[in-house]
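Trainee: structure06.txt is reproduced in full below (compact mmCIF, C-alpha atoms).
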```
# COMPACT_ATOMS: atom_id res chain seq x y z
CA MET A 1 -36.46 3.18 15.14
CA SER A 2 -37.21 4.47 11.66
CA GLY A 3 -34.64 7.26 11.80
CA LYS A 4 -31.76 4.84 12.12
CA ILE A 5 -29.49 3.81 9.30
CA LYS A 6 -30.29 0.19 8.52
CA ILE A 7 -27.40 -2.16 7.95
CA THR A 8 -27.28 -5.76 6.73
CA ILE A 9 -24.21 -7.93 7.29
CA ILE A 10 -23.46 -10.98 5.13
CA GLU A 11 -20.49 -12.76 6.66
CA PRO A 12 -19.85 -16.46 7.40
CA SER A 13 -17.91 -15.87 10.64
CA GLU A 14 -20.16 -15.40 13.63
CA ILE A 15 -17.29 -13.86 15.57
CA VAL A 16 -16.84 -11.17 12.96
CA THR A 17 -20.56 -10.54 12.54
CA THR A 18 -21.19 -10.24 16.25
CA GLY A 19 -18.14 -8.05 16.83
CA LEU A 20 -18.95 -5.77 13.95
CA LYS A 21 -22.60 -5.45 14.96
CA ARG A 22 -21.59 -4.55 18.47
CA LEU A 23 -19.06 -1.93 17.43
CA ILE A 24 -21.40 -0.39 14.90
CA GLU A 25 -24.38 -0.21 17.23
CA GLN A 26 -22.43 1.61 19.93
CA ASN A 27 -23.29 4.56 17.74
CA GLY A 28 -27.02 5.00 18.25
CA SER A 29 -27.71 6.14 14.71
CA PHE A 30 -26.85 2.75 13.19
CA ASN A 31 -28.94 -0.37 13.41
CA VAL A 32 -27.67 -3.74 12.18
CA ALA A 33 -31.13 -5.02 11.36
CA LYS A 34 -30.25 -8.29 9.64
CA THR A 35 -27.29 -10.63 9.54
CA PHE A 36 -26.79 -13.59 7.23
CA SER A 37 -24.01 -16.13 7.08
CA THR A 38 -24.48 -17.16 3.46
CA LEU A 39 -25.78 -15.76 0.22
CA GLN A 40 -28.54 -18.38 0.14
CA GLU A 41 -29.78 -17.19 3.50
CA TYR A 42 -29.75 -13.59 2.32
CA GLY A 43 -31.66 -14.35 -0.85
CA GLY A 44 -32.20 -10.73 -1.88
CA THR A 45 -33.86 -7.69 -0.35
CA PRO A 46 -37.56 -8.11 -1.02
CA ASN A 47 -38.92 -6.10 1.92
CA GLY A 48 -37.31 -2.73 1.99
CA SER A 49 -33.64 -2.21 1.16
CA PRO A 50 -31.09 -1.60 3.88
CA ASP A 51 -29.07 1.59 3.69
CA ILE A 52 -25.82 -0.33 3.82
CA ILE A 53 -24.90 -3.94 3.07
CA ILE A 54 -21.59 -5.12 4.47
CA ILE A 55 -20.42 -8.30 2.82
CA ASN A 56 -17.41 -10.59 3.02
CA PRO A 57 -15.76 -10.14 -0.41
CA THR A 58 -14.96 -13.85 -0.79
CA ILE A 59 -18.71 -14.48 -0.99
CA VAL A 60 -18.84 -12.15 -3.96
CA GLY A 61 -15.67 -13.65 -5.44
CA ASP A 62 -16.92 -17.24 -5.11
CA SER A 63 -20.21 -16.36 -6.76
CA GLY A 64 -18.47 -15.60 -10.03
CA TYR A 65 -19.90 -12.08 -10.12
CA SER A 66 -17.39 -9.26 -10.27
CA ASP A 67 -19.93 -6.65 -9.30
CA PRO A 68 -21.42 -7.01 -5.81
CA ARG A 69 -24.36 -4.77 -6.67
CA SER A 70 -25.75 -7.04 -9.34
CA LEU A 71 -25.07 -10.12 -7.20
CA LEU A 72 -26.98 -8.66 -4.26
CA GLN A 73 -29.70 -7.16 -6.48
CA ALA A 74 -29.35 -4.09 -4.34
CA ASN A 75 -30.99 -0.75 -4.91
CA ASP A 76 -28.86 2.01 -6.36
CA ASN A 77 -29.08 3.94 -3.12
CA THR A 78 -27.92 1.05 -0.94
CA ALA A 79 -24.23 1.43 -0.14
CA ILE A 80 -22.28 -1.82 -0.46
CA MET A 81 -19.18 -2.29 1.66
CA ALA A 82 -16.60 -5.06 1.89
CA ILE A 83 -14.89 -6.45 4.96
CA ASN A 84 -11.15 -6.29 4.40
CA TYR A 85 -9.47 -9.16 6.17
CA GLY A 86 -6.01 -8.52 5.05
CA PRO A 87 -3.42 -6.88 2.96
CA TYR A 88 -5.67 -6.07 0.05
CA ASP A 89 -5.31 -2.54 -1.17
CA GLU A 90 -8.12 -0.17 -2.02
CA ASP A 91 -8.09 -1.23 -5.62
CA ALA A 92 -9.47 -4.64 -4.69
CA PHE A 93 -12.60 -2.92 -3.42
CA ARG A 94 -13.21 -0.55 -6.30
CA SER A 95 -16.55 -2.11 -7.11
CA TYR A 96 -17.74 -1.38 -3.55
CA ASP A 97 -18.75 1.92 -2.03
CA GLY A 98 -16.19 1.43 0.71
CA TYR A 99 -14.70 -1.15 3.00
CA ILE A 100 -14.13 -1.85 6.67
CA SER A 101 -10.82 -3.35 7.71
CA ILE A 102 -10.90 -5.80 10.60
CA PHE A 103 -8.15 -3.66 12.13
CA ASN A 104 -10.31 -0.52 12.14
CA THR A 105 -11.26 1.12 15.41
CA ARG A 106 -14.85 1.94 16.25
CA GLU A 107 -14.31 5.58 15.21
CA GLN A 108 -12.79 4.55 11.89
CA ILE A 109 -15.70 2.22 11.21
CA GLU A 110 -18.19 5.02 11.85
CA LYS A 111 -16.33 7.30 9.48
CA ARG A 112 -16.21 4.65 6.80
CA LEU A 113 -19.89 3.87 7.09
CA SER A 114 -20.77 7.53 6.66
CA ALA A 115 -18.33 7.91 3.77
CA ALA A 116 -19.84 4.86 2.03
CA LEU A 117 -23.33 6.30 2.36
CA LYS A 118 -22.10 9.52 0.82
CA ASN A 119 -20.28 7.61 -1.93
CA SER A 120 -23.32 5.69 -2.98
CA SER A 121 -25.41 8.84 -3.21
CA GLU A 122 -22.93 10.70 -5.41
CA LYS A 123 -21.73 7.76 -7.40
CA GLU A 124 -19.10 8.28 -10.05
CA THR A 125 -19.62 5.67 -12.66
CA TYR A 126 -16.41 3.96 -13.63
CA ASP A 127 -15.97 3.06 -17.22
CA ASP A 128 -14.54 -0.41 -17.02
CA SER A 129 -13.35 -0.85 -20.57
CA ASN A 130 -9.59 -0.53 -20.71
CA GLU A 131 -9.33 1.37 -23.96
CA LEU A 132 -8.63 5.05 -23.58
CA SER A 133 -11.28 7.25 -25.18
CA VAL A 134 -10.27 9.88 -27.73
CA ARG A 135 -10.67 12.60 -25.10
CA GLU A 136 -8.59 10.64 -22.59
CA ARG A 137 -5.80 10.24 -25.14
CA GLU A 138 -5.82 14.00 -25.74
CA ILE A 139 -5.68 14.71 -22.04
CA LEU A 140 -2.98 12.13 -21.46
CA THR A 141 -0.87 13.78 -24.15
CA ALA A 142 -1.31 17.15 -22.48
CA VAL A 143 -0.39 15.70 -19.06
CA ALA A 144 2.70 14.05 -20.51
CA LYS A 145 3.74 17.38 -22.02
CA GLY A 146 3.76 18.73 -18.47
CA LYS A 147 0.61 20.84 -18.62
CA THR A 148 -1.18 21.63 -15.38
CA ASN A 149 -4.83 20.74 -14.73
CA LYS A 150 -5.73 24.40 -15.09
CA GLU A 151 -4.00 24.69 -18.48
CA ILE A 152 -5.69 21.50 -19.67
CA ALA A 153 -9.10 22.72 -18.48
CA ASP A 154 -8.63 25.97 -20.43
CA GLU A 155 -7.36 24.22 -23.54
CA PHE A 156 -10.29 21.82 -23.76
CA ASN A 157 -12.84 24.20 -22.32
CA ILE A 158 -13.83 21.86 -19.49
CA SER A 159 -13.81 22.25 -15.69
CA ILE A 160 -10.80 21.33 -13.56
CA HIS A 161 -13.02 18.80 -11.86
CA THR A 162 -13.59 17.06 -15.20
CA VAL A 163 -9.85 17.07 -15.92
CA ILE A 164 -9.18 15.41 -12.57
CA SER A 165 -11.84 12.82 -13.19
CA HIS A 166 -10.37 12.04 -16.64
CA ARG A 167 -6.92 11.72 -15.11
CA LYS A 168 -8.23 9.30 -12.50
CA ASN A 169 -9.79 7.15 -15.20
CA ILE A 170 -6.63 7.24 -17.31
CA SER A 171 -4.44 6.17 -14.39
CA HIS A 172 -6.86 3.46 -13.47
CA LYS A 173 -7.04 2.06 -16.99
CA LEU A 174 -3.30 2.12 -17.56
CA GLY A 175 -2.16 1.22 -14.04
CA ILE A 176 0.19 4.21 -14.15
CA ASN A 177 -0.05 7.12 -11.72
CA SER A 178 3.05 9.27 -11.97
CA ILE A 179 3.43 11.91 -14.68
CA ALA A 180 6.81 10.41 -15.59
CA GLY A 181 5.17 7.02 -16.07
CA LEU A 182 2.33 8.48 -18.16
CA THR A 183 4.91 10.19 -20.35
CA ILE A 184 6.56 6.85 -21.05
CA TYR A 185 3.23 5.38 -22.05
CA ALA A 186 2.55 8.34 -24.33
CA VAL A 187 5.92 8.01 -26.05
CA MET A 188 5.70 4.25 -26.44
CA ASN A 189 2.27 4.61 -27.97
CA LYS A 190 3.37 7.41 -30.25
CA LEU A 191 1.04 9.99 -28.71
CA LEU A 192 4.10 12.08 -28.09
CA ASP A 193 7.57 12.26 -29.55
CA VAL A 194 10.68 12.07 -27.36
CA GLU A 195 11.76 15.40 -28.83
CA ASP A 196 8.59 17.04 -27.47
CA PHE A 197 9.99 17.38 -23.98
CA MET B 1 -8.37 -15.68 2.45
CA THR B 2 -5.75 -15.36 5.10
CA THR B 3 -2.17 -15.90 4.11
CA ASN B 4 -0.11 -18.59 5.71
CA ARG B 5 0.69 -16.85 8.95
CA THR B 6 3.71 -17.71 10.98
CA ILE B 7 2.83 -17.79 14.63
CA PHE B 8 5.83 -17.26 16.86
CA THR B 9 6.55 -16.16 20.38
CA ALA B 10 9.61 -15.49 22.51
CA LYS B 11 9.90 -19.22 23.20
CA THR B 12 9.84 -20.30 19.55
CA LYS B 13 13.16 -21.66 18.32
CA MET B 14 14.96 -19.08 16.25
CA ALA B 15 15.63 -21.68 13.56
CA GLU B 16 11.90 -22.24 13.10
CA ILE B 17 11.08 -18.72 11.99
CA ILE B 18 13.45 -18.98 9.05
CA THR B 19 10.82 -21.07 7.27
CA ASP B 20 9.55 -17.66 6.18
CA TYR B 21 12.42 -16.63 3.94
CA SER B 22 11.77 -12.89 4.22
CA LEU B 23 12.73 -13.20 7.89
CA LEU B 24 16.19 -14.29 6.83
CA THR B 25 16.80 -10.74 5.65
CA ILE B 26 15.70 -9.36 9.02
CA ILE B 27 18.07 -11.58 10.96
CA ASP B 28 20.90 -10.38 8.79
CA ARG B 29 19.92 -6.72 9.14
CA LEU B 30 19.85 -7.13 12.91
CA ASN B 31 23.35 -8.57 12.77
CA ILE B 32 22.26 -11.94 14.13
CA LYS B 33 24.52 -14.68 12.83
CA LEU B 34 23.15 -17.98 11.55
CA GLY B 35 24.05 -21.17 13.38
CA PHE B 36 21.75 -20.67 16.35
CA GLY B 37 21.21 -24.38 17.03
CA ASP B 38 18.08 -24.94 19.08
CA ALA B 39 18.19 -21.65 20.96
CA SER B 40 14.90 -19.78 21.39
CA ILE B 41 14.20 -16.30 20.02
CA ASP B 42 14.43 -14.98 23.57
CA GLU B 43 17.89 -16.50 24.18
CA ILE B 44 19.30 -15.27 20.88
CA CYS B 45 17.94 -11.78 21.44
CA ARG B 46 19.47 -11.65 24.92
CA ARG B 47 22.82 -12.78 23.51
CA HIS B 48 22.66 -9.93 21.02
CA ASN B 49 21.48 -7.44 23.58
CA LEU B 50 18.33 -6.93 21.55
CA SER B 51 14.85 -6.57 22.98
CA THR B 52 12.72 -9.61 22.19
CA ASP B 53 9.66 -7.39 21.83
CA LEU B 54 11.32 -5.32 19.15
CA PHE B 55 12.57 -8.39 17.34
CA LEU B 56 9.16 -10.06 17.33
CA MET B 57 7.53 -6.84 16.24
CA ILE B 58 9.78 -6.45 13.19
CA CYS B 59 9.29 -10.13 12.29
CA ARG B 60 5.53 -9.80 12.56
CA VAL B 61 5.47 -6.72 10.35
CA TYR B 62 7.18 -8.83 7.68
CA ALA B 63 5.28 -12.05 8.25
CA ILE B 64 1.76 -10.70 8.75
CA ASP B 65 0.29 -8.32 6.20
CA GLY B 66 -1.67 -5.53 7.82
CA PHE B 67 -0.08 -6.16 11.23
CA ALA B 68 -0.56 -3.19 13.55
CA PRO B 69 2.42 -2.88 15.95
CA ASP B 70 1.76 -1.90 19.55
CA ILE B 71 4.80 -0.03 20.81
CA SER B 72 3.77 0.29 24.46
CA ASN B 73 6.40 -2.25 25.59
CA LEU B 74 9.28 -0.61 23.75
CA THR B 75 11.59 1.90 25.42
CA ASN B 76 14.12 4.46 24.25
CA GLY B 77 16.77 1.74 24.68
CA ASP B 78 15.30 0.10 21.57
CA ILE B 79 15.81 3.16 19.39
CA PRO B 80 19.52 2.61 18.55
CA LYS B 81 18.83 -0.99 17.53
CA LEU B 82 15.97 0.09 15.37
CA ILE B 83 18.06 2.80 13.72
CA GLY B 84 20.83 0.26 13.13
CA TYR B 85 18.34 -2.02 11.47
CA LEU B 86 17.04 0.75 9.20
CA GLN B 87 20.56 1.87 8.31
CA ARG B 88 21.62 -1.62 7.32
CA THR B 89 18.50 -1.88 5.17
CA HIS B 90 19.38 1.37 3.40
CA LYS B 91 22.95 0.20 2.91
CA TYR B 92 21.74 -2.99 1.27
CA TRP B 93 19.45 -1.09 -1.07
CA ILE B 94 22.03 1.50 -2.08
CA GLU B 95 25.03 -0.76 -2.38
CA SER B 96 23.46 -3.89 -3.66
CA PHE B 97 19.82 -3.90 -4.60
CA PHE B 98 19.37 -0.78 -6.74
CA PRO B 99 22.68 -1.07 -8.64
CA ASN B 100 21.66 -4.62 -9.46
CA LEU B 101 18.21 -3.56 -10.59
CA HIS B 102 19.83 -0.88 -12.73
CA ILE B 103 21.98 -3.47 -14.48
CA ASN B 104 18.95 -5.65 -15.09
CA ILE B 105 16.96 -2.75 -16.49
CA HIS B 106 19.87 -1.82 -18.72
CA THR B 107 20.07 -5.38 -20.06
CA MET B 108 16.33 -5.41 -20.64
CA LEU B 109 16.46 -2.17 -22.61
CA GLU B 110 19.30 -3.37 -24.86
CA SER B 111 16.76 -5.39 -26.80
CA CYS B 112 14.27 -2.50 -27.05
CA ASP B 113 13.89 0.18 -29.68
CA GLU B 114 15.96 3.27 -29.13
CA LYS B 115 13.12 5.59 -28.15
CA SER B 116 11.67 3.30 -25.48
CA ALA B 117 15.17 2.64 -24.15
CA LYS B 118 16.03 6.32 -23.95
CA ILE B 119 12.90 7.35 -22.14
CA LEU B 120 12.87 4.42 -19.72
CA ASN B 121 16.51 4.95 -18.88
CA LYS B 122 15.73 8.54 -18.01
CA PHE B 123 12.75 7.46 -15.93
CA TYR B 124 14.89 5.06 -13.96
CA ASP B 125 17.75 7.55 -13.50
CA ASP B 126 15.30 10.09 -12.09
CA TYR B 127 13.87 7.45 -9.83
CA ASP B 128 17.33 6.47 -8.65
CA ASP B 129 17.99 10.12 -7.74
CA GLU B 130 14.73 10.29 -5.85
CA ILE B 131 15.55 7.19 -3.80
CA GLN B 132 19.03 8.48 -3.09
CA LYS B 133 17.67 11.84 -1.93
CA HIS B 134 15.08 10.21 0.25
CA LEU B 135 17.59 7.92 1.93
CA ASP B 136 20.16 10.73 2.29
CA TYR B 137 17.56 12.78 4.08
CA GLU B 138 16.88 9.97 6.53
CA GLU B 139 20.57 9.22 7.04
CA ASN B 140 21.76 12.82 7.36
CA THR B 141 18.84 14.56 9.03
CA VAL B 142 16.42 12.17 10.64
CA PHE B 143 18.69 9.51 12.13
CA PRO B 144 21.30 11.88 13.62
CA TYR B 145 18.45 13.82 15.22
CA ILE B 146 16.99 10.65 16.73
CA ILE B 147 20.38 9.45 17.95
CA SER B 148 21.18 12.76 19.65
CA LEU B 149 17.73 12.68 21.22
CA GLY B 150 18.46 9.21 22.58
CA GLU B 151 21.70 10.45 24.12
CA GLY B 152 19.73 13.11 25.94
CA LYS B 153 21.34 15.87 23.92
CA LYS B 154 18.25 17.46 22.58
CA ASP B 155 19.41 20.48 20.69
CA VAL B 156 16.92 23.24 21.43
CA SER B 157 18.11 25.29 18.48
CA ASN B 158 17.24 22.41 16.20
CA LYS B 159 13.74 23.05 15.02
CA PHE B 160 13.38 19.63 13.47
CA CYS B 161 10.96 17.21 15.07
CA ILE B 162 9.85 13.73 14.16
CA LYS B 163 6.51 14.98 12.88
CA ASP B 164 8.36 16.78 10.06
CA PHE B 165 9.75 13.44 9.04
CA GLU B 166 6.30 11.98 8.87
CA GLU B 167 5.19 14.79 6.60
CA ASN B 168 8.31 14.54 4.51
CA HIS B 169 7.98 10.83 4.09
CA SER B 170 7.42 10.98 0.37
CA ASN B 171 6.00 8.06 -1.45
CA ILE B 172 8.78 6.32 -3.35
CA GLU B 173 6.59 3.37 -4.12
CA GLU B 174 4.38 5.00 -6.75
CA LYS B 175 6.97 5.12 -9.53
CA LEU B 176 8.00 1.56 -8.87
CA HIS B 177 4.41 0.53 -9.31
CA ASP B 178 4.30 2.42 -12.62
CA LEU B 179 7.55 0.86 -13.78
CA LYS B 180 6.18 -2.57 -13.01
CA ASN B 181 3.06 -1.99 -15.10
CA ILE B 182 5.08 -0.52 -17.96
CA VAL B 183 7.30 -3.62 -18.05
CA ILE B 184 4.30 -5.97 -17.79
CA LYS B 185 1.95 -4.18 -20.14
CA TYR B 186 3.57 -1.66 -22.40
CA LEU B 187 7.16 -2.53 -23.17
CA PRO B 188 7.13 -3.86 -26.76
CA GLU B 189 7.18 -7.63 -27.21
CA ASN B 190 10.64 -7.60 -28.76
CA ALA B 191 12.22 -6.83 -25.37
CA SER B 192 13.90 -9.99 -24.09
CA GLN B 193 11.48 -12.02 -22.01
CA GLN B 194 14.06 -13.31 -19.54
CA SER B 195 15.45 -9.90 -18.71
CA ARG B 196 11.92 -8.59 -18.27
CA ILE B 197 11.13 -11.35 -15.83
CA ASN B 198 14.34 -10.66 -13.93
CA VAL B 199 13.39 -6.99 -13.61
CA LEU B 200 9.86 -7.85 -12.48
CA ASN B 201 11.08 -10.31 -9.87
CA GLU B 202 13.33 -7.64 -8.44
CA ILE B 203 10.53 -5.06 -8.42
CA PHE B 204 8.17 -7.41 -6.59
CA LYS B 205 10.85 -8.07 -3.99
CA ILE B 206 11.68 -4.42 -3.37
CA GLU B 207 8.02 -3.39 -3.36
CA ASN B 208 7.38 -5.69 -0.46
CA ASP B 209 10.56 -4.61 1.30
CA LEU B 210 9.78 -0.89 0.89
CA ASN B 211 6.25 -1.42 2.05
CA LYS B 212 7.32 -3.21 5.24
CA HIS B 213 10.07 -0.68 5.76
CA SER B 214 7.59 2.18 5.81
CA VAL B 215 5.39 0.29 8.26
CA ILE B 216 8.43 -0.01 10.54
CA GLU B 217 9.23 3.70 10.16
CA ASN B 218 5.66 4.99 10.44
CA LYS B 219 4.20 2.59 12.96
CA ILE B 220 7.22 1.83 15.18
CA LEU B 221 9.97 4.43 14.80
CA ILE B 222 7.90 7.61 14.61
CA PRO B 223 5.54 6.82 17.53
CA LEU B 224 8.45 5.57 19.62
CA VAL B 225 10.53 8.69 19.04
CA SER B 226 7.53 10.97 19.67
CA LYS B 227 7.26 9.41 23.12
CA TYR B 228 10.70 10.75 24.03
CA GLU B 229 10.72 14.09 22.27
```
What is this structure when it is put down as structure tokens?
Mentor:
Amino acid sequence: MSGKIKITIIEPSEIVTTGLKRLIEQNGSFNVAKTFSTLQEYGGTPNGSPDIIIINPTIVGDSGYSDPRSLLQANDNTAIMAINYGPYDEDAFRSYDGYISIFNTREQIEKRLSAALKNSSEKETYDDSNELSVREREILTAVAKGKTNKEIADEFNISIHTVISHRKNISHKLGINSIAGLTIYAVMNKLLDVEDF
Amino acid sequence: MTTNRTIFTAKTKMAEIITDYSLLTIIDRLNIKLGFGDASIDEICRRHNLSTDLFLMICRVYAIDGFAPDISNLTNGDIPKLIGYLQRTHKYWIESFFPNLHINIHTMLESCDEKSAKILNKFYDDYDDEIQKHLDYEENTVFPYIISLGEGKKDVSNKFCIKDFEENHSNIEEKLHDLKNIVIKYLPENASQQSRINVLNEIFKIENDLNKHSVIENKILIPLVSKYE
């Protein structure tokens, strides 16, 4: 049994827990080793961490913690996934390594489990302050001027991958994704003059 | 954590579903007139020569977030009704909703500094063009293709197929999302509060409408048409 990926489910609904366990275990490489209906029951992971913890996000929400990892006292290499009951978009699950929607098919669930495992092993740490760093402001200005990722990478002597990661962080902090929207932000905050474009 | 879900079936009285006000819009777009007394959904649909399955499906998309439509009971006879519904939605957006939003944005920007006003006006004008282009494409290319397909006149020389539409289905929601955050977070405080709130209310409304509209196009229209291509 040791080769299997160990999964823990923390979910108050027995229907959901049982259904999820059954769907997941149809793939022989996963093993839902433990299920808990409350946080009290779970209590922590003293004897060996699971590879994945799947938790109902309201449990995390009600606990007052915003970060499921510190709530669950989970190891850094344990992937933490949410169960998405409804219309919530991906942003609601940013602090998780992935999520499973109750509308997912068995195949989709398998894919998401594997993706979450991968995510937790190559974690990108999100900077959760909302202030843009000096570098982010410089990059934002360049984006607003219409420069491509390649041009920005050359200008600042960084890799394209780093540019993309900065842009992701900028969009996340500002809540603005389109270049046109970023330009407005840049002008309103005097990073750029209207005459510049 | 679930929203207040409206449960309805073919036997539910039509009047009862109007407790969810977004369904009022649907009834109108399907050309169903108010004043249905105690008639059931089934009866009203039959009177309007509309399939009850299609009607319930559209209502559920609006009433239940994350609803996954199952089109196996729909037939090609439902396609013209569905197209009619989508066309009336577009007409409402183009003739009423977006011009109105434009006026509200204009009013909001009157109290802003000149630079912010100039750049936001340009942003909105570009967005308006984008919406218009997107809807024109659906009206002039996609819908005529689907209608001719329904009439059994598949034009072999026409290389277009519904999959192209799926690929071309650009995301017109992103900029709206940006505009919303700009108005909430970054527009200077001196912009009039009331006009800002008016703009935000409109954006929330259209965001939901656009979102449901793309569910109807992607999860009902496209799979249904692919069945008959």
Trainee: Every residue with an atom at most 6 Å from (17.0, 1.7, -13.8) (file coordinates; all atoms listed in the file) is what I'm after, so could you write them as JSON, numbers by chain?
Mentor: {"B": [102, 105, 124, 125]}
Trainee: From the list B:Asn121, B:Gln194, B:Ser116, B:Asn211, which residue is nearest chain A when using all atoms listed in the file?
Mentor: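 Of B:Asn121, B:Gln194, B:Ser116, B:Asn211, the one nearest chain A is B:Ser116, counting all atoms listed in the file.
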Trainee: I need the residue nearest B:Val199 from this list: B:Phe55, B:Phe98, B:Tyr137, B:Tyr21. Use only C-alpha atoms for the distance.
Mentor: B:Phe98
Trainee: Residues within 7 Å of stretch 177-179 of chain A, please, as a list in words. Count all atoms listed in the file; anything in the same chain fewer than 4 positions from it doesn't count.
Mentor: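 These residues fall inside the cut-off: Val143, Ala144, Ser171 and Thr183 of chain A; Glu174, Lys175 and Asp178 of chain B.
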Trainee: Based on the selection just made, write C-alpha atoms of those residues as a JSON list (two decimals), keeping the file's coordinate frame.
Mentor:
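Writing the result to again-v1.json gives the following:
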```
[["chain", "number", "residue", "atom", "x", "y", "z"],
["A", 143, "VAL", "CA", -0.39, 15.70, -19.06],
["A", 144, "ALA", "CA", 2.70, 14.05, -20.51],
["A", 171, "SER", "CA", -4.44, 6.17, -14.39],
["A", 183, "THR", "CA", 4.91, 10.19, -20.35],
["B", 174, "GLU", "CA", 4.38, 5.00, -6.75],
["B", 175, "LYS", "CA", 6.97, 5.12, -9.53],
["B", 178, "ASP", "CA", 4.30, 2.42, -12.62]]
```
Trainee: Per residue of chain B within 8 Å of chain A, record the nearest atom pair and its distance in Å to one decimal, counting only C-alpha atoms, with rows in chain order and ascending residue number, as a tab-separated table.
Mentor:
```
residue	atom	partner	partner_atom	distance
B:Met1	CA	A:Thr58	CA	7.6
B:Thr2	CA	A:Gly86	CA	6.8
B:Asp65	CA	A:Pro87	CA	5.1
B:Gly66	CA	A:Pro87	CA	5.3
B:Ala68	CA	A:Phe103	CA	7.7
B:Lys115	CA	A:Val194	CA	7.0
B:Ser116	CA	A:Met188	CA	6.1
B:Ile119	CA	A:Ile184	CA	6.5
B:Leu120	CA	A:Ile184	CA	6.9
B:Phe123	CA	A:Ala180	CA	6.6
B:Glu174	CA	A:Ser178	CA	6.9
B:Lys175	CA	A:Ser178	CA	6.2
B:His177	CA	A:Ile176	CA	7.4
B:Asp178	CA	A:Ile176	CA	4.7
B:Leu179	CA	A:Gly181	CA	7.0
B:Asn181	CA	A:Gly175	CA	6.2
B:Ile182	CA	A:Tyr185	CA	7.4
B:Tyr186	CA	A:Tyr185	CA	7.1
B:Leu187	CA	A:Met188	CA	7.7
```
